[in-house]
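What follows is final-v5.tsv (TSV, C-alpha atoms).
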chain	number	residue	atom	x	y	z
D	134	MET	CA	0.00	0.00	0.00
D	135	ALA	CA	1.41	3.31	-1.07
D	136	SER	CA	2.19	5.71	1.72
D	137	ASP	CA	0.33	9.01	1.89
D	138	PRO	CA	2.23	11.94	0.38
D	139	ASP	CA	3.85	14.30	2.81
D	140	PRO	CA	1.68	17.32	3.59
D	141	PRO	CA	2.89	20.52	1.91
D	142	LYS	CA	5.22	22.58	4.01
D	143	PRO	CA	3.72	25.84	5.23
D	144	LYS	CA	5.01	28.87	3.41
D	145	THR	CA	7.51	30.94	5.32
D	146	PRO	CA	5.96	34.35	5.98
D	147	ARG	CA	7.73	37.14	4.12
D	148	HIS	CA	8.53	40.47	5.72
D	149	LYS	CA	7.06	43.37	3.76
D	150	CYS	CA	8.27	46.97	3.84
D	151	PRO	CA	5.25	49.15	4.68
D	152	ALA	CA	6.62	52.02	2.56
D	153	CYS	CA	7.88	50.62	-0.77
D	154	TYR	CA	6.28	47.15	-0.39
D	155	LYS	CA	9.48	45.17	-1.06
D	156	GLN	CA	9.41	41.73	0.58
D	157	PHE	CA	12.21	39.88	2.36
D	158	ASN	CA	12.64	36.31	3.58
D	159	ARG	CA	14.36	37.38	6.79
D	160	LYS	CA	13.39	40.09	9.25
D	161	LEU	CA	17.04	41.15	9.48
D	162	HIS	CA	17.05	41.95	5.76
D	163	LEU	CA	13.96	44.12	6.16
D	164	ILE	CA	15.61	46.01	9.01
D	165	GLU	CA	18.74	46.65	6.92
D	166	HIS	CA	16.54	47.80	4.05
D	167	MET	CA	14.68	50.25	6.29
D	168	LYS	CA	17.98	51.65	7.61
D	169	ILE	CA	19.34	52.52	4.17
D	170	SER	CA	16.04	53.50	2.51
D	171	TYR	CA	15.21	56.38	4.88
D	172	HIS	CA	11.49	55.95	4.31
D	173	SER	CA	9.36	58.63	5.92
D	174	VAL	CA	6.33	60.86	5.44
D	175	HIS	CA	8.60	63.29	3.57
D	176	GLN	CA	9.00	61.01	0.55
D	177	PRO	CA	6.80	61.43	-2.53
D	178	ARG	CA	4.27	58.63	-2.84
D	179	CYS	CA	1.54	57.27	-5.04
D	180	TRP	CA	-1.80	58.63	-3.89
D	181	VAL	CA	-3.53	55.39	-4.92
D	182	CYS	CA	-1.49	52.63	-3.28
D	183	GLN	CA	0.64	54.88	-0.99
D	184	LYS	CA	3.90	53.36	-2.26
D	185	HIS	CA	6.85	55.60	-1.30
D	186	CYS	CA	9.26	56.71	-4.04
D	187	LYS	CA	12.58	58.55	-4.10
D	188	SER	CA	11.31	61.39	-6.30
D	189	PHE	CA	8.22	62.69	-8.06
D	190	GLU	CA	9.62	61.35	-11.33
D	191	SER	CA	9.75	57.93	-9.67
D	192	VAL	CA	6.08	58.31	-8.75
D	193	ARG	CA	5.26	59.03	-12.41
D	194	GLU	CA	7.24	55.98	-13.49
D	195	HIS	CA	5.45	53.84	-10.91
D	196	ILE	CA	2.02	54.98	-12.09
D	197	ASN	CA	2.82	54.33	-15.77
D	198	SER	CA	4.90	51.21	-15.26
D	199	PRO	CA	3.47	47.98	-16.74
D	200	LEU	CA	4.57	46.29	-13.51
D	201	SER	CA	2.52	48.58	-11.26
D	202	LYS	CA	-0.87	47.68	-9.94
D	203	THR	CA	-3.49	48.09	-12.63
D	204	ASN	CA	-5.78	50.15	-10.41
D	205	CYS	CA	-3.06	52.78	-9.81
D	206	LEU	CA	-2.99	53.85	-13.46
D	207	LYS	CA	-6.74	53.42	-13.91
D	208	ILE	CA	-7.64	55.55	-10.89
D	209	PHE	CA	-4.98	58.16	-11.68
D	210	VAL	CA	-6.22	58.58	-15.27
D	211	GLU	CA	-9.73	59.22	-13.99
D	212	GLN	CA	-9.02	61.22	-10.83
D	213	GLY	CA	-5.34	62.24	-10.80
D	214	CYS	CA	-3.72	65.64	-11.36
D	215	ASN	CA	-0.86	65.31	-13.85
D	216	LEU	CA	0.85	68.38	-12.34
D	217	CYS	CA	1.14	67.52	-8.63
D	218	LEU	CA	0.19	63.79	-8.93
D	219	LYS	CA	-2.53	64.14	-6.30
D	220	VAL	CA	-5.62	61.93	-6.61
D	221	LEU	CA	-8.97	63.56	-5.92
D	222	ASP	CA	-12.20	62.00	-4.71
D	223	SER	CA	-14.29	62.77	-7.80
D	224	PRO	CA	-14.03	64.19	-11.34
D	225	SER	CA	-15.65	67.44	-10.17
D	226	ALA	CA	-13.11	67.81	-7.35
D	227	LEU	CA	-10.32	67.12	-9.86
D	228	LYS	CA	-11.60	69.81	-12.21
D	229	GLU	CA	-11.70	72.37	-9.39
D	230	HIS	CA	-8.24	71.31	-8.17
D	231	LYS	CA	-6.64	71.66	-11.62
D	232	GLN	CA	-7.81	75.25	-11.89
D	233	MET	CA	-5.92	76.06	-8.70
D	234	CYS	CA	-2.93	73.79	-9.34
D	235	CYS	CA	-1.87	75.48	-12.58
D	236	LEU	CA	0.45	78.32	-11.58
D	237	VAL	CA	0.12	81.76	-13.17
D	238	ALA	CA	3.10	82.93	-15.25
D	239	PRO	CA	4.99	85.89	-13.74
D	240	VAL	CA	4.65	89.38	-15.17
D	241	PRO	CA	7.89	90.42	-16.96
D	242	LEU	CA	10.08	92.71	-14.90
D	243	GLY	CA	10.03	95.59	-17.39
D	244	THR	CA	6.29	96.08	-16.95
D	245	LYS	CA	6.28	95.61	-13.19
D	246	ILE	CA	8.90	97.90	-11.65
D	247	THR	CA	10.91	101.00	-12.46
D	248	PRO	CA	13.72	101.59	-12.76
D	249	CYS	CA	14.47	98.41	-14.63
D	250	ILE	CA	17.72	96.46	-14.65
D	251	GLU	CA	19.71	99.46	-15.85
D	252	SER	CA	19.96	100.62	-12.23
D	253	ASN	CA	22.66	97.94	-11.70
D	254	PHE	CA	21.14	96.56	-8.52
D	255	THR	CA	18.04	97.12	-6.43
D	256	MET	CA	17.65	96.01	-2.82
D	257	SER	CA	14.16	96.34	-1.40
D	258	GLY	CA	13.99	98.24	1.87
D	259	SER	CA	11.25	96.11	3.38
D	260	ILE	CA	13.26	92.90	3.60
D	261	MET	CA	16.36	94.66	4.88
D	262	ASP	CA	14.24	96.31	7.59
D	263	GLU	CA	13.00	92.86	8.60
D	264	MET	CA	16.56	91.60	8.84
D	265	HIS	CA	17.58	94.47	11.13
D	266	ASN	CA	14.49	93.87	13.30
D	267	GLY	CA	15.32	90.19	13.75
D	268	LYS	CA	12.51	88.98	11.47
D	269	ALA	CA	13.33	86.85	8.47
D	270	GLN	CA	11.50	85.54	5.45
D	271	LYS	CA	12.04	81.79	5.50
D	272	ALA	CA	12.90	81.26	1.84
D	273	VAL	CA	14.64	83.15	-0.93
D	274	ALA	CA	14.58	82.31	-4.64
D	275	MET	CA	17.71	82.97	-6.70
D	276	ASP	CA	18.49	82.69	-10.38
D	277	CYS	CA	21.53	83.61	-12.47
D	278	GLU	CA	22.04	84.36	-16.15
D	279	MET	CA	25.23	83.03	-17.69
D	280	VAL	CA	27.44	84.26	-20.49
D	281	GLY	CA	30.32	82.28	-21.99
D	282	GLY	CA	34.05	82.49	-21.38
D	283	GLY	CA	37.09	80.63	-22.65
D	284	SER	CA	38.29	80.14	-26.20
D	285	ASP	CA	35.07	78.41	-27.27
D	286	GLY	CA	32.69	80.32	-24.97
D	287	SER	CA	31.71	77.16	-23.09
D	288	ILE	CA	32.69	78.32	-19.57
D	289	ASP	CA	29.62	79.56	-17.68
D	290	LEU	CA	30.16	83.00	-16.17
D	291	CYS	CA	27.52	84.66	-14.01
D	292	ALA	CA	26.55	87.99	-15.60
D	293	ARG	CA	23.23	88.71	-13.92
D	294	VAL	CA	21.63	87.57	-10.67
D	295	CYS	CA	18.23	88.08	-9.08
D	296	LEU	CA	16.89	87.21	-5.61
D	297	VAL	CA	13.26	87.52	-4.49
D	298	ASP	CA	11.49	86.79	-1.20
D	299	GLU	CA	8.33	84.76	-0.60
D	300	ALA	CA	6.16	87.81	-1.27
D	301	GLU	CA	7.86	88.14	-4.69
D	302	ASN	CA	9.65	91.34	-3.67
D	303	ILE	CA	13.02	91.89	-5.32
D	304	ILE	CA	15.83	91.70	-2.78
D	305	LEU	CA	18.72	91.94	-5.19
D	306	HIS	CA	18.84	92.30	-8.98
D	307	THR	CA	22.15	93.21	-10.57
D	308	TYR	CA	24.57	92.71	-13.41
D	309	VAL	CA	27.77	90.90	-12.38
D	310	GLN	CA	31.22	91.58	-13.77
D	311	PRO	CA	32.67	88.25	-15.00
D	312	GLN	CA	36.15	87.46	-13.69
D	313	ILE	CA	37.53	86.47	-17.09
D	314	PRO	CA	36.87	87.98	-20.54
D	315	VAL	CA	33.50	87.18	-22.11
D	316	THR	CA	33.83	85.44	-25.48
D	317	ASN	CA	30.14	84.65	-26.02
D	318	TYR	CA	27.34	86.80	-24.64
D	319	ARG	CA	24.76	84.18	-25.75
D	320	TYR	CA	22.53	87.07	-26.74
D	321	GLU	CA	19.79	84.86	-28.20
D	322	VAL	CA	19.23	83.41	-24.75
D	323	THR	CA	20.43	86.09	-22.33
D	324	GLY	CA	19.63	89.29	-24.18
D	325	LEU	CA	22.92	90.65	-22.79
D	326	THR	CA	25.56	92.67	-24.61
D	327	GLU	CA	28.88	94.25	-23.69
D	328	ASP	CA	27.07	97.48	-22.78
D	329	HIS	CA	25.05	95.74	-20.06
D	330	LEU	CA	28.19	94.62	-18.24
D	331	ARG	CA	30.24	97.78	-18.70
D	332	ASP	CA	29.47	99.10	-15.18
D	333	ALA	CA	28.56	95.75	-13.59
D	334	ILE	CA	29.34	95.06	-9.93
D	335	PRO	CA	32.46	92.94	-9.18
D	336	LEU	CA	31.74	89.35	-8.24
D	337	ASN	CA	33.18	89.64	-4.71
D	338	GLU	CA	30.78	92.50	-3.88
D	339	VAL	CA	27.83	90.52	-5.21
D	340	GLN	CA	28.93	87.54	-3.09
D	341	ASP	CA	28.96	89.70	0.04
D	342	LYS	CA	25.47	91.03	-0.66
D	343	ILE	CA	24.07	87.55	-1.27
D	344	LYS	CA	25.67	86.18	1.91
D	345	LYS	CA	24.17	89.04	3.93
D	346	ILE	CA	20.74	88.16	2.59
D	347	LEU	CA	21.02	84.38	2.97
D	348	TYR	CA	22.55	84.47	6.45
D	349	ASN	CA	20.04	87.08	7.62
D	350	GLY	CA	22.69	89.71	8.24
D	351	GLU	CA	24.73	87.38	10.47
D	352	SER	CA	28.43	86.68	10.06
D	353	VAL	CA	28.97	83.28	8.48
D	354	GLY	CA	31.39	82.38	11.28
D	355	ARG	CA	28.75	83.14	13.92
D	356	MET	CA	26.00	81.14	12.22
D	357	PRO	CA	24.87	78.09	14.29
D	358	PRO	CA	25.72	74.75	12.64
D	359	ASP	CA	22.04	73.90	12.23
D	360	GLY	CA	21.51	77.07	10.18
D	361	VAL	CA	18.30	78.02	12.00
D	362	LYS	CA	18.83	81.74	11.28
D	363	ALA	CA	19.73	81.23	7.63
D	364	ARG	CA	17.26	81.17	4.78
D	365	LEU	CA	16.22	78.29	2.59
D	366	LEU	CA	17.44	78.85	-0.96
D	367	VAL	CA	15.36	77.69	-3.93
D	368	GLY	CA	16.10	77.95	-7.61
D	369	HIS	CA	16.55	76.44	-11.05
D	370	ASP	CA	19.52	74.06	-10.70
D	371	ILE	CA	20.63	76.20	-7.75
D	372	GLN	CA	23.88	74.29	-7.16
D	373	HIS	CA	25.11	75.25	-10.63
D	374	ASP	CA	24.27	78.91	-9.92
D	375	LEU	CA	26.21	78.77	-6.65
D	376	ASN	CA	29.18	77.23	-8.44
D	377	CYS	CA	29.19	80.03	-11.02
D	378	LEU	CA	28.98	82.58	-8.21
D	379	ARG	CA	31.87	80.72	-6.53
D	380	MET	CA	29.82	80.37	-3.37
D	381	LYS	CA	29.03	77.53	-1.00
D	382	TYR	CA	25.83	77.10	0.99
D	383	PRO	CA	24.74	74.28	3.35
D	384	GLY	CA	23.14	71.46	1.40
D	385	PHE	CA	20.25	71.02	3.82
D	386	LEU	CA	19.21	74.63	3.14
D	387	LEU	CA	18.86	74.07	-0.61
D	388	ARG	CA	15.64	73.26	-2.42
D	389	TYR	CA	16.48	72.91	-6.07
D	390	ASN	CA	16.23	71.15	-9.43
D	391	ILE	CA	13.20	73.05	-10.65
D	392	GLN	CA	13.57	74.12	-14.26
D	393	SER	CA	11.49	75.92	-16.86
D	394	GLY	CA	11.98	77.18	-20.39
D	395	VAL	CA	12.22	80.81	-19.28
D	396	HIS	CA	15.61	82.53	-19.49
D	397	ASP	CA	15.04	85.65	-17.43
D	398	PRO	CA	16.41	85.66	-13.86
D	399	TYR	CA	13.51	87.67	-12.44
D	400	GLU	CA	10.81	85.56	-14.10
D	401	ASP	CA	12.65	82.36	-13.13
D	402	CYS	CA	12.84	83.54	-9.51
D	403	ILE	CA	9.12	84.27	-9.37
D	404	SER	CA	8.28	80.96	-11.06
D	405	VAL	CA	10.44	78.92	-8.73
D	406	MET	CA	9.13	80.71	-5.63
D	407	ARG	CA	5.52	80.07	-6.63
D	408	LEU	CA	6.29	76.42	-7.32
D	409	TYR	CA	8.24	76.14	-4.07
D	410	LYS	CA	5.32	77.48	-2.01
D	411	ARG	CA	2.97	75.11	-3.80
D	412	MET	CA	5.20	72.13	-3.04
D	413	ARG	CA	5.72	73.28	0.54
D	414	GLY	CA	1.98	73.20	1.09
D	415	GLN	CA	1.73	69.47	0.44
D	416	ASP	CA	-0.04	67.34	3.00
D	417	HIS	CA	2.58	65.23	4.76
D	418	ARG	CA	0.11	63.24	6.77
D	419	GLN	CA	0.57	59.51	6.64
D	420	VAL	CA	-1.99	57.00	7.91
D	421	PHE	CA	-1.27	53.37	8.68
D	422	ARG	CA	-2.09	50.79	11.33
D	423	LEU	CA	-0.21	49.43	14.31
D	424	GLY	CA	-2.12	46.27	15.08
D	425	ASP	CA	-5.80	47.18	15.27
D	426	GLU	CA	-5.14	50.83	16.05
D	427	LYS	CA	-5.31	53.46	13.30
D	428	VAL	CA	-2.38	55.87	13.69
D	429	VAL	CA	-1.89	59.24	12.01
D	430	PHE	CA	1.60	60.74	11.93
D	431	ARG	CA	2.37	64.28	10.86
D	432	LEU	CA	5.61	66.14	10.40
D	433	GLY	CA	7.23	67.09	13.65
D	434	ASP	CA	6.14	63.96	15.52
D	435	GLU	CA	9.02	63.12	17.83
D	436	LYS	CA	8.54	59.41	17.25
D	437	ALA	CA	9.09	59.84	13.52
D	438	ASN	CA	12.59	61.26	14.03
D	439	SER	CA	14.13	58.99	16.63
D	440	GLY	CA	16.10	56.83	14.13
D	441	PHE	CA	17.38	53.28	14.37
D	442	ASP	CA	20.57	54.03	16.27
D	443	SER	CA	18.73	54.33	19.59
D	444	PHE	CA	17.60	50.67	19.45
D	445	ARG	CA	19.51	47.43	19.86
D	446	SER	CA	19.40	44.77	17.13
D	447	MET	CA	17.20	42.43	19.19
D	448	GLU	CA	14.77	45.27	19.91
D	449	LEU	CA	14.47	46.03	16.21
D	450	GLU	CA	13.82	42.38	15.33
D	451	LYS	CA	10.85	42.34	17.73
D	452	LYS	CA	9.22	45.35	16.09
D	453	ALA	CA	6.53	45.07	13.45
D	454	PRO	CA	7.22	46.57	9.99
D	455	ASP	CA	4.94	49.54	10.72
D	456	GLU	CA	6.87	50.19	13.93
D	457	LEU	CA	10.13	50.18	11.97
D	458	TYR	CA	8.63	52.74	9.62
D	459	GLU	CA	7.62	54.84	12.63
D	460	ILE	CA	11.22	55.25	13.74
D	461	SER	CA	12.71	55.66	10.26
D	462	THR	CA	14.51	58.97	9.66
D	463	SER	CA	14.28	60.86	6.38
D	464	ASP	CA	17.17	61.89	4.16
D	465	TYR	CA	14.80	63.36	1.58
D	466	LYS	CA	15.28	67.09	0.97
D	467	CYS	CA	11.75	68.03	1.76
D	468	TRP	CA	10.07	71.28	0.77
D	469	CYS	CA	9.06	71.98	4.36
D	470	LEU	CA	10.46	74.95	6.19
D	471	ASP	CA	10.57	73.82	9.82
D	472	LEU	CA	14.22	72.74	9.93
D	473	THR	CA	14.19	71.80	13.60
D	474	LYS	CA	11.40	69.27	13.25
D	475	ASP	CA	10.49	68.50	9.68
D	476	CYS	CA	13.76	67.78	7.88
D	477	ASN	CA	16.91	65.92	8.76
D	478	PRO	CA	19.72	68.53	8.88
D	479	GLY	CA	22.24	65.87	8.07
D	480	SER	CA	20.75	65.16	4.67
As structure tokens:
Amino acid sequence: MASDPDPPKPKTPRHKCPACYKQFNRKLHLIEHMKISYHSVHQPRCWVCQKHCKSFESVREHINSPLSKTNCLKIFVEQGCNLCLKVLDSPSALKEHKQMCCLVAPVPLGTKITPCIESNFTMSGSIMDEMHNGKAQKAVAMDCEMVGGGSDGSIDLCARVCLVDEAENIILHTYVQPQIPVTNYRYEVTGLTEDHLRDAIPLNEVQDKIKKILYNGESVGRMPPDGVKARLLVGHDIQHDLNCLRMKYPGFLLRYNIQSGVHDPYEDCISVMRLYKRMRGQDHRQVFRLGDEKVVFRLGDEKANSGFDSFRSMELEKKAPDELYEISTSDYKCWCLDLTKDCNPGS
């Protein structure tokens, strides 16, 4: 008589990341993944399945990927905003949201203020008064216009710079004297000629003015390491602008990589500031469950910033995946402004 076949072995439960949904055979592997992934409420995520991604472009790829859940793309096509990637409750709510989500183009500088750029540089009195009174706008937008240097004109030289505050007031708008001869004014793009730069301000003076604005009138040497008195700096590829200005600024105070087709420093500054404030206003609330209890975490929750280093390995292995997410610390350069609570200064 043939013996009965052995009963099938029970499947080993897999450990699933509550943020990006990757699965692991061992709990230790999940813990290591959580440590290096820096998942948190700051990360962009799919509004349908709540999967966390490294960037908004990654969210777009997830939605349109043939490997993603079918309902993500289907729901997004019907109820999603293709600008901010938010998913609304109904087609009518989506229509109303899109009218508000589309940003208005800035008015060109020549029709908005006088004198125009010919005045070399303009510093608004209101923001300087705030600096002297100990009050500071939290963010500043900056954009530079480049001309070409070197034998082939390929070296980027800053020839014009503009800074605006959150209220879209001009703080600084000036021509900059390049440090080496200009071989290509790139007039088709910049609109600049030799006459524009004839009486331009030397680069070192422009650097001093920008530092005074960004560090809120404080000496750089006296600035606290956490930069709480400094301003957030936003812009179109802002790191490249800083390089051309030969300036350094703390990485955790930069909000960058926003680009448009406009090639006017003032209009770019206004555009990036409007987009920055829109992104800053995102809802960072994250809802998930710990056991049977529904938990809502918002930015600034102390639990969300404790990190893994304060726990022993055995303590981490006893925690549920959602509890590991709770203690995960972000390295994402969030658009929030509250540096002491919302963002990780070490990022």
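Across the model, the gap from atom CA of Arg388 of chain D to atom CA of Gly281 of chain D is 26.1 Å.
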Q) What does the distance from atom CA of Met233 of chain D to atom CA of Leu387 of chain D come to in Å, to one decimal? A)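 So the two atoms, atom CA of Met233 of chain D and atom CA of Leu387 of chain D, lie 26.1 Å apart.
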Q: Tell me which protein, DNA and RNA residues are within 8 Å of Ser173 of chain D, counting all atoms listed in the file, leaving out same-chain ones fewer than 5 positions away, and put them as a PyMOL selection string.
A: chain D and resi 152+437+458-459+461-463
(Q) One decimal, in Å: what's the spacing between atom CA of Pro454 of chain D and atom CA of Pro146 of chain D? (A)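 For atom CA of Pro454 of chain D relative to atom CA of Pro146 of chain D, the distance reads 12.9 Å.
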Q | For Leu366 of chain D: contacts at 9 Å, all atoms listed in the file, fewer than 2 positions along chain excluded, given as a list of chain:residue names | A | D:Lys271, D:Ala272, D:Val273, D:Ala274, D:Met275, D:Leu347, D:Arg364, D:Gly368, D:Ile371, D:Tyr382, D:Leu386, D:Leu387, D:Arg388, D:Tyr389
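With distances taken over all atoms listed in the file, D:Val280 is the one residue among D:Val280, D:Ile460, D:Cys150, D:Val322 lying closest to Cys377 of chain D.
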Hey, could you patch up segment 372-388 of chain D with N, CA and C atoms and hand it over as a short mmCIF file (atom, residue, chain, number, x, y, z; two decimals), keeping the file's coordinate frame?
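File out_22.cif, as written:
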data_model
loop_
_atom_site.label_atom_id
_atom_site.label_comp_id
_atom_site.auth_asym_id
_atom_site.auth_seq_id
_atom_site.Cartn_x
_atom_site.Cartn_y
_atom_site.Cartn_z
N GLN D 372 22.48 74.62 -7.43
CA GLN D 372 23.88 74.29 -7.16
C GLN D 372 24.79 74.80 -8.27
N HIS D 373 24.32 74.73 -9.50
CA HIS D 373 25.11 75.25 -10.63
C HIS D 373 25.26 76.77 -10.51
N ASP D 374 24.18 77.45 -10.11
CA ASP D 374 24.27 78.91 -9.92
C ASP D 374 25.28 79.25 -8.84
N LEU D 375 25.25 78.51 -7.73
CA LEU D 375 26.21 78.77 -6.65
C LEU D 375 27.65 78.54 -7.13
N ASN D 376 27.84 77.51 -7.92
CA ASN D 376 29.18 77.23 -8.44
C ASN D 376 29.67 78.38 -9.31
N CYS D 377 28.79 78.92 -10.14
CA CYS D 377 29.19 80.03 -11.02
C CYS D 377 29.43 81.32 -10.23
N LEU D 378 28.74 81.44 -9.09
CA LEU D 378 28.98 82.58 -8.21
C LEU D 378 30.19 82.33 -7.30
N ARG D 379 30.75 81.13 -7.38
CA ARG D 379 31.87 80.72 -6.53
C ARG D 379 31.50 80.84 -5.06
N MET D 380 30.34 80.31 -4.74
CA MET D 380 29.82 80.37 -3.37
C MET D 380 29.44 78.96 -2.92
N LYS D 381 29.50 78.76 -1.61
CA LYS D 381 29.03 77.53 -1.00
C LYS D 381 27.90 77.86 -0.04
N TYR D 382 26.95 76.92 0.08
CA TYR D 382 25.83 77.10 0.99
C TYR D 382 25.43 75.73 1.50
N PRO D 383 25.06 75.61 2.79
CA PRO D 383 24.74 74.28 3.35
C PRO D 383 23.72 73.52 2.52
N GLY D 384 24.01 72.26 2.24
CA GLY D 384 23.14 71.46 1.40
C GLY D 384 21.73 71.30 1.94
N PHE D 385 21.59 71.24 3.27
CA PHE D 385 20.25 71.02 3.82
C PHE D 385 19.39 72.28 3.76
N LEU D 386 19.98 73.40 3.32
CA LEU D 386 19.21 74.63 3.14
C LEU D 386 18.87 74.88 1.67
N LEU D 387 19.15 73.91 0.81
CA LEU D 387 18.86 74.07 -0.61
C LEU D 387 17.60 73.30 -1.00
N ARG D 388 16.78 73.94 -1.80
CA ARG D 388 15.64 73.26 -2.42
C ARG D 388 15.75 73.59 -3.90
#
